[in-house]
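K.L.:
Take this structure, written in structure tokens, and hold onto it; I'll ask about it next.
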2 protein chains.
Amino acid sequence: MNRTKITLADIAESAGVSPATVSRVLNGDPRVAVDRVERVNRAIQELGYSPNRAARTLVTGKTGLVAAVIDSNLNVFADPFWGQITTGISQALQEANFSALLMVRPLDVEDPSVVASLAPGQVDGAIFFQLHNDDTVNLLQDMGLPLVVVGRPDESSKLVYVDSDNFGGAVKATEHLVQRGCRRVATVAGNQQLSSGRLRLEGYRTALSQAGVPFDESLVAYGDWTDESGAAAMRALLDARPDIDGVFVANDLMALGAMSVLEERGLKVPDQVAVVGFDNMFGGRLGRQQLTTVEQDVQGLGAKAASMVIQMIDGGKPSSVVLPTTLLVRETA
Amino acid sequence: MNRTKITLADIAESAGVSPATVSRVLNGDPRVAVDRVERVNRAIQELGYSPNRAARTLVTGKTGLVAAVIDSNLNVFADPFWGQITTGISQALQEANFSALLMVRPLDVEDPSVVASLAPGQVDGAIFFQLHNDDTVNLLQDMGLPLVVVGRPDESSKLVYVDSDNFGGAVKATEHLVQRGCRRVATVAGNQQLSSGRLRLEGYRTALSQAGVPFDESLVAYGDWTDESGAAAMRALLDARPDIDGVFVANDLMALGAMSVLEERGLKVPDQVAVVGFDNMFGGRLGRQQLTTVEQDVQGLGAKAASMVIQMIDGGKPSSVVLPTTLLVRETA
DNA sequence: CTGAAAGCGCTAACAT
DNA sequence: ATGTTAGCGCTTTCAG
């Protein structure tokens with residue numbers, strides 16, 4: 001239909017006012033006379049005008065864009081996590097009239113192209129996920145880019161972050177196992193390069209030590225979040241310690257793998273071995289039994305991250321936030 | 001560090017050349033003398049310059065942006081599908097030097113804001129998902145926006161699309177059931193508002209009729225892709241037709257629900273009832289048994305969609321593509 | 001309250 | 001092979 005792009009000048013002419021006035025109407029300047037506002041709006045309507053972002057950006061210096069940067073090395077894209085969190089981000093940004101720029105990139109290496117795409121003037125802010133190294137991010141931050149990290153950066157870092165309470169969730173999960181009478185509680189830990197992996201393991205250790213149980217290395221096995229790795233870890237655990245009677249698995253997918261191994265060995269869940277997962281993936285209906293697990297609000301995480309960058313863009317200095325996690329007791333423990 | 005934004009003019013001055021020359025170097029114009037290219041590049045390096053997108057966009061009319069538009073009413077974000085497909089899109093765009101703009105919006109209503117954000121000049125192209133109504137999309141297409149749809153639009157539509165071979169996959173799944181000896185093959189169909197839901201059901205019917213089996217309404221139940229709905233559908237099916245000996249479930253998540261019902265009724269899979277799913281979610285390891293299912297290449301779907309918009313942006317006229325699906329025979333059928 | 005005019009940073013003719 | 005010169009479409013002083 002409207003193949004020719006129509007500009008602010010066209011509106012000005014059609015409405016019989018100056019470009020400046022049109023611009024004022026567009027930006028809600030209250031000083032413009034009511035009848036003129038009306039005339040301008042009508043012209044906009046009739047001609048089907050929408051302002052050119054680039055031109056606006058060029059003069060204001062604001063792009064209206066926030067980048068969501070995801071490490072492509074985390075090839076766990078099959079995890080529902082990503083869809084949920086990007087949705088949370090996109091919708092929250094939307095409401096503040098920002099758009100989300102999705103960047104899936106290898107972040108483990110120093111990548112000049114990432115820096116270039118995020119240099120001041122390219123985007124107004126950025127949200128980073130689960131970084132392996134903080135260098136690029138710190139550089140960008142020093143260049144004045146408003147940014148927040150999802151997950152927990154190094155202690156030493158001054159980066160602002162949002163995270164689920166992985167530690168607290170793991171503590172609750174482990175305590176639950178202890179309280180229900182498990183005496184030899186093992187754990188299948190996740191990727192220790194990620195803060196979520198480290199903190200869930202730390203929560204397990206802490207809960208145990210608070211319960212007066214000495215830490216036992218042979219009760220810990222590691223996976224990489226996938227169900228196969230959970231199965232392998234569970235097998236290793238059982239081989240080393242056939243007396244295990246409870247296990248905290250750092251995510252539901254690995255718990256799924258672990259439970260299939262338990263079944264394959266003829267071990268009854270939860271009577272012989274109780275299992276607690278983490279994520280509340282598919283409402284715990286992942287395996288054959290309703291999984292007892294720790295719930296985190298992933299979409300909320302995304303929304304929070306978005307609102308924090310926006311705050312920073314507006315000159316604010318939000319502090320890092322840790323969102324609560326909830327233990328959902330179901331059939332497996 | 002470099003808080004002051006440095007521009008092309010700064011580079012020109014520092015390198016002792018004209019802005020035009022810098023621009024040429026930036027855009028790889030081969031005519032520039034080698035030593036000058038060198039000088040310019042050094043200046044760029046030293047000053048840490050990166051070109052301003054907005055300015056470039058303003059003059060070239062190309063934004064370097066492709067929007068990925070997802071209907072927020074499809075609140076199936078927990079499905080791994082989204083993460084995979086957006087990853088596929090983002091990476092493919094990346095390689096062609098485009099960026100992905102993620103827009104999660106209600107598409108069932110006529111939304112002027114969607115049109116405005118996608119009007120010519122705002123983005124170079126768009127990828128739409130699973131639309132319920134084609135009106136907005138057709139409008140945008142008429143306005144000259146290069147766009148491709150993921151999923152199958154109305155027959156009448158002239159939209160270019162990419163889709164997995166849902167029909168063919170369903171045919172293979174159903175044929176497999178028939179060939180393994182199932183006489184009363186039921187189906188748990190998905191959301192019929194989506195082309196994937198319709199085509200998988202159609203594939204089931206077609207395979208059956210080709211096998212000379214008359215269509216039987218009482219062997220069809222509907223779900224909404226969730227595992228609960230799959231369980232409910234399976235229950236209804238079994239109540240109506242206790243003689244069912246095979247079932248094609250339109251996605252793995254519903255198959256998971258269906259299998260738990262089978263188990264709860266003491267029906268052995270696959271001996272008493274064989275089950276085939278669709279998606280190959282988590283490699284079929286979703287339930288307690290390795291699920292026989294139809295695999296689709298979701299990330300490939302995203303990548304293909306991206307390369308097709310890029311083709312259109314470059315003036316090409318790609319035709320719609322249907323990506324093959326594969327039956328993976330495992331334990332459940 | 002409104003208009004004129006000057007750019008924002010870049011590219012693309014057009015000269016040279 | 002390189003420089004000069006106009007703008008791209010918008011916002012924003014600065015006058016009035």
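FYI, nothing fancy with the structure tokens labels: chains A, B, ... in order, residues from 1 per chain, ligands from 1 as they appear.
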By least-squares superposition of chain B on chain A, using all C-alpha atoms in order, what RMSD in Å to one decimal is obtained?

P.N.:
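Computed value for the CA RMSD is 0.2 Å.
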
K.L.:
From a DSSP calculation on the backbone, collect every residue of stretch 80-215 of chain B in helix (DSSP H, G or I) and output the set as a PyMOL selection string.

P.N.:
chain B and resi 80-95+112-118+135-142+166-179+195-210

K.L.:
So how many Å separate atom CA of A:Arg330 and atom CA of A:Val273, to one decimal?

P.N.:
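Computed distance, atom CA of A:Arg330 to atom CA of A:Val273, equals 14.2 Å.
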
K.L.:
Counting only C-alpha atoms (C1' of nucleotides), collect the residues of chain A whose closest atom lies at most 9 Å from chain D, and write them out as a list in words.

P.N.:
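Matching residues, ligands excluded from the count: Thr7, Leu8, Ala9, Ala20, Ser23, Arg24, Pro51, Asn52, Arg53, Ala54, Ala55, Arg56, Thr57, Leu58, Val59 and Thr60 of chain A.
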
K.L.:
Next, dump the selected residues to file, keeping only C-alpha atoms, as a PDB file, in the first residue's frame.

P.N.:
ATOM      1  CA  THR A   7       8.253  11.596   6.891  1.00  0.00           C
ATOM      2  CA  LEU A   8       7.672  14.118   9.586  1.00  0.00           C
ATOM      3  CA  ALA A   9       7.937  16.852   6.998  1.00  0.00           C
ATOM      4  CA  ALA A  20       9.095  21.416  14.959  1.00  0.00           C
ATOM      5  CA  SER A  23       8.006  16.780  16.609  1.00  0.00           C
ATOM      6  CA  ARG A  24       6.597  18.370  19.732  1.00  0.00           C
ATOM      7  CA  PRO A  51       8.693   8.126  13.046  1.00  0.00           C
ATOM      8  CA  ASN A  52      12.013   6.885  11.795  1.00  0.00           C
ATOM      9  CA  ARG A  53      13.990   5.382  14.606  1.00  0.00           C
ATOM     10  CA  ALA A  54      17.387   5.929  13.099  1.00  0.00           C
ATOM     11  CA  ALA A  55      16.873   9.632  12.637  1.00  0.00           C
ATOM     12  CA  ARG A  56      15.616   9.976  16.142  1.00  0.00           C
ATOM     13  CA  THR A  57      18.489   7.933  17.508  1.00  0.00           C
ATOM     14  CA  LEU A  58      21.003   9.987  15.622  1.00  0.00           C
ATOM     15  CA  VAL A  59      19.949  13.186  17.282  1.00  0.00           C
ATOM     16  CA  THR A  60      18.988  11.965  20.744  1.00  0.00           C
TER      17      THR A  60
END

K.L.:
What are the closest atom pairs, with distances in Å to one decimal, for all residues of chain B lying within 8 Å of chain A? Consider only C-alpha atoms, order rows by chain and residue number, and present the result as CSV.

P.N.:
residue,atom,partner,partner_atom,distance
B:Met1,CA,A:Met143,CA,5.2
B:Asn2,CA,A:Met143,CA,6.0
B:Arg3,CA,A:Met143,CA,6.0
B:Lys5,CA,A:Pro120,CA,7.4
B:Ser50,CA,A:Ala116,CA,6.1
B:Asn52,CA,A:Gly121,CA,6.6
B:Arg53,CA,A:Gln122,CA,6.4
B:Ala54,CA,A:Ala54,CA,4.7
B:Ala55,CA,A:Leu58,CA,5.9
B:Thr57,CA,A:Ala54,CA,6.1
B:Leu58,CA,A:Ala54,CA,5.5
B:Thr63,CA,A:Ala54,CA,7.9
B:Phe77,CA,A:Gly83,CA,5.2
B:Ala78,CA,A:Pro80,CA,4.7
B:Asp79,CA,A:Pro80,CA,5.4
B:Pro80,CA,A:Pro80,CA,4.4
B:Phe81,CA,A:Ala78,CA,7.0
B:Trp82,CA,A:Gly83,CA,5.1
B:Gly83,CA,A:Gly83,CA,4.7
B:Gln84,CA,A:Phe77,CA,5.4
B:Thr87,CA,A:Val104,CA,6.6
B:Ser90,CA,A:Val104,CA,6.2
B:Gln91,CA,A:Val104,CA,6.3
B:Gln94,CA,A:Met103,CA,8.0
B:Ser99,CA,A:Leu101,CA,6.9
B:Ala100,CA,A:Leu102,CA,5.4
B:Leu101,CA,A:Leu101,CA,4.6
B:Leu102,CA,A:Ala100,CA,5.4
B:Met103,CA,A:Ser90,CA,6.4
B:Val104,CA,A:Ser90,CA,6.2
B:Arg105,CA,A:Gln91,CA,7.7
B:Ala116,CA,A:Ser50,CA,6.0
B:Ala119,CA,A:Ser50,CA,7.4
B:Pro120,CA,A:Lys5,CA,7.1
B:Gly121,CA,A:Asn52,CA,6.6
B:Gln122,CA,A:Arg53,CA,6.4
B:Asp142,CA,A:Met1,CA,5.9
B:Met143,CA,A:Met1,CA,5.4
B:Gly144,CA,A:Arg3,CA,6.6
B:Asp227,CA,A:Arg285,CA,7.8
B:Leu256,CA,A:Leu286,CA,7.8
B:Ser260,CA,A:Arg288,CA,6.6
B:Phe282,CA,A:Ala78,CA,7.5
B:Arg285,CA,A:Asp227,CA,7.8
B:Leu286,CA,A:Leu286,CA,6.6
B:Gly287,CA,A:Gly287,CA,5.3
B:Arg288,CA,A:Arg288,CA,5.9

K.L.:
As an exercise, work out the distance from atom CA of B:Asn191 to atom CA of B:Asp224 in Å and give it to one decimal place.

P.N.:
4.9 Å

K.L.:
Identify all chain C residues at most 7 Å from chain B by counting only C-alpha atoms (C1' of nucleotides); ligands do not count. Present them as a PyMOL selection string.

P.N.:
chain C and resi 9-11

K.L.:
List every residue of stretch 106-254 of chain A that DSSP, applied to the backbone of this structure, assigns to strand (DSSP E or B), and report them as a PyMOL selection string.

P.N.:
chain A and resi 120+123+125-129+147-150+160-164+185-189+220-222+246-249

K.L.:
Kindly save the residues from that selection, with C-alpha atoms included, as a CSV table (one decimal), in the first residue's frame.

P.N.:
chain,number,residue,atom,x,y,z
A,120,PRO,CA,28.2,3.3,23.4
A,123,VAL,CA,22.5,0.0,22.3
A,125,GLY,CA,22.0,-1.2,27.7
A,126,ALA,CA,22.7,-4.9,27.9
A,127,ILE,CA,21.8,-8.0,29.8
A,128,PHE,CA,24.4,-10.7,30.0
A,129,PHE,CA,23.9,-14.4,30.8
A,147,LEU,CA,24.4,-3.6,32.1
A,148,VAL,CA,23.2,-6.3,34.3
A,149,VAL,CA,24.2,-9.9,34.6
A,150,VAL,CA,21.8,-12.8,35.1
A,160,VAL,CA,25.0,-5.6,39.1
A,161,TYR,CA,23.3,-8.9,38.9
A,162,VAL,CA,19.9,-10.7,39.2
A,163,ASP,CA,19.8,-14.3,40.3
A,164,SER,CA,17.6,-16.9,41.7
A,185,VAL,CA,22.5,-37.7,51.2
A,186,ALA,CA,24.4,-37.5,47.9
A,187,THR,CA,24.3,-34.8,45.3
A,188,VAL,CA,24.5,-34.6,41.6
A,189,ALA,CA,26.0,-31.2,41.0
A,220,VAL,CA,29.3,-35.9,45.2
A,221,ALA,CA,29.2,-36.4,41.5
A,222,TYR,CA,29.1,-33.9,38.6
A,246,GLY,CA,18.7,-39.5,49.3
A,247,VAL,CA,20.0,-37.3,46.5
A,248,PHE,CA,19.8,-33.7,45.7
A,249,VAL,CA,20.1,-33.3,41.9

K.L.:
So which one's closest to A:Val69, A:Arg39, A:Gln130, A:Ala232, A:Pro318? Using only C-alpha atoms, please.

P.N.:
A:Gln130

K.L.:
If we count only C-alpha atoms (C1' of nucleotides), what is near B:Leu267 at a cut-off of 12 Å, once residues fewer than 6 positions away on the same chain are taken out, given as a ChimeraX atom specification?

P.N.:
/B:234,238,242-246,258-261,273-275

K.L.:
What's around B:Trp225 at 8 Å? Count only C-alpha atoms (C1' of nucleotides), leave out sequence neighbours fewer than 5 positions away in its own chain, and write the answer as a list in words.

P.N.:
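The contact residues come out as Gly190, Asn191, Gly230, Ala250, Asn251, Leu253 and Met254 of chain B.
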
K.L.:
Report, in Å with one decimal, the straight-line distance from atom CA of B:Thr206 to atom CA of B:Gln272.

P.N.:
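Atom CA of B:Gln272 lies at a distance of 23.8 Å from atom CA of B:Thr206.
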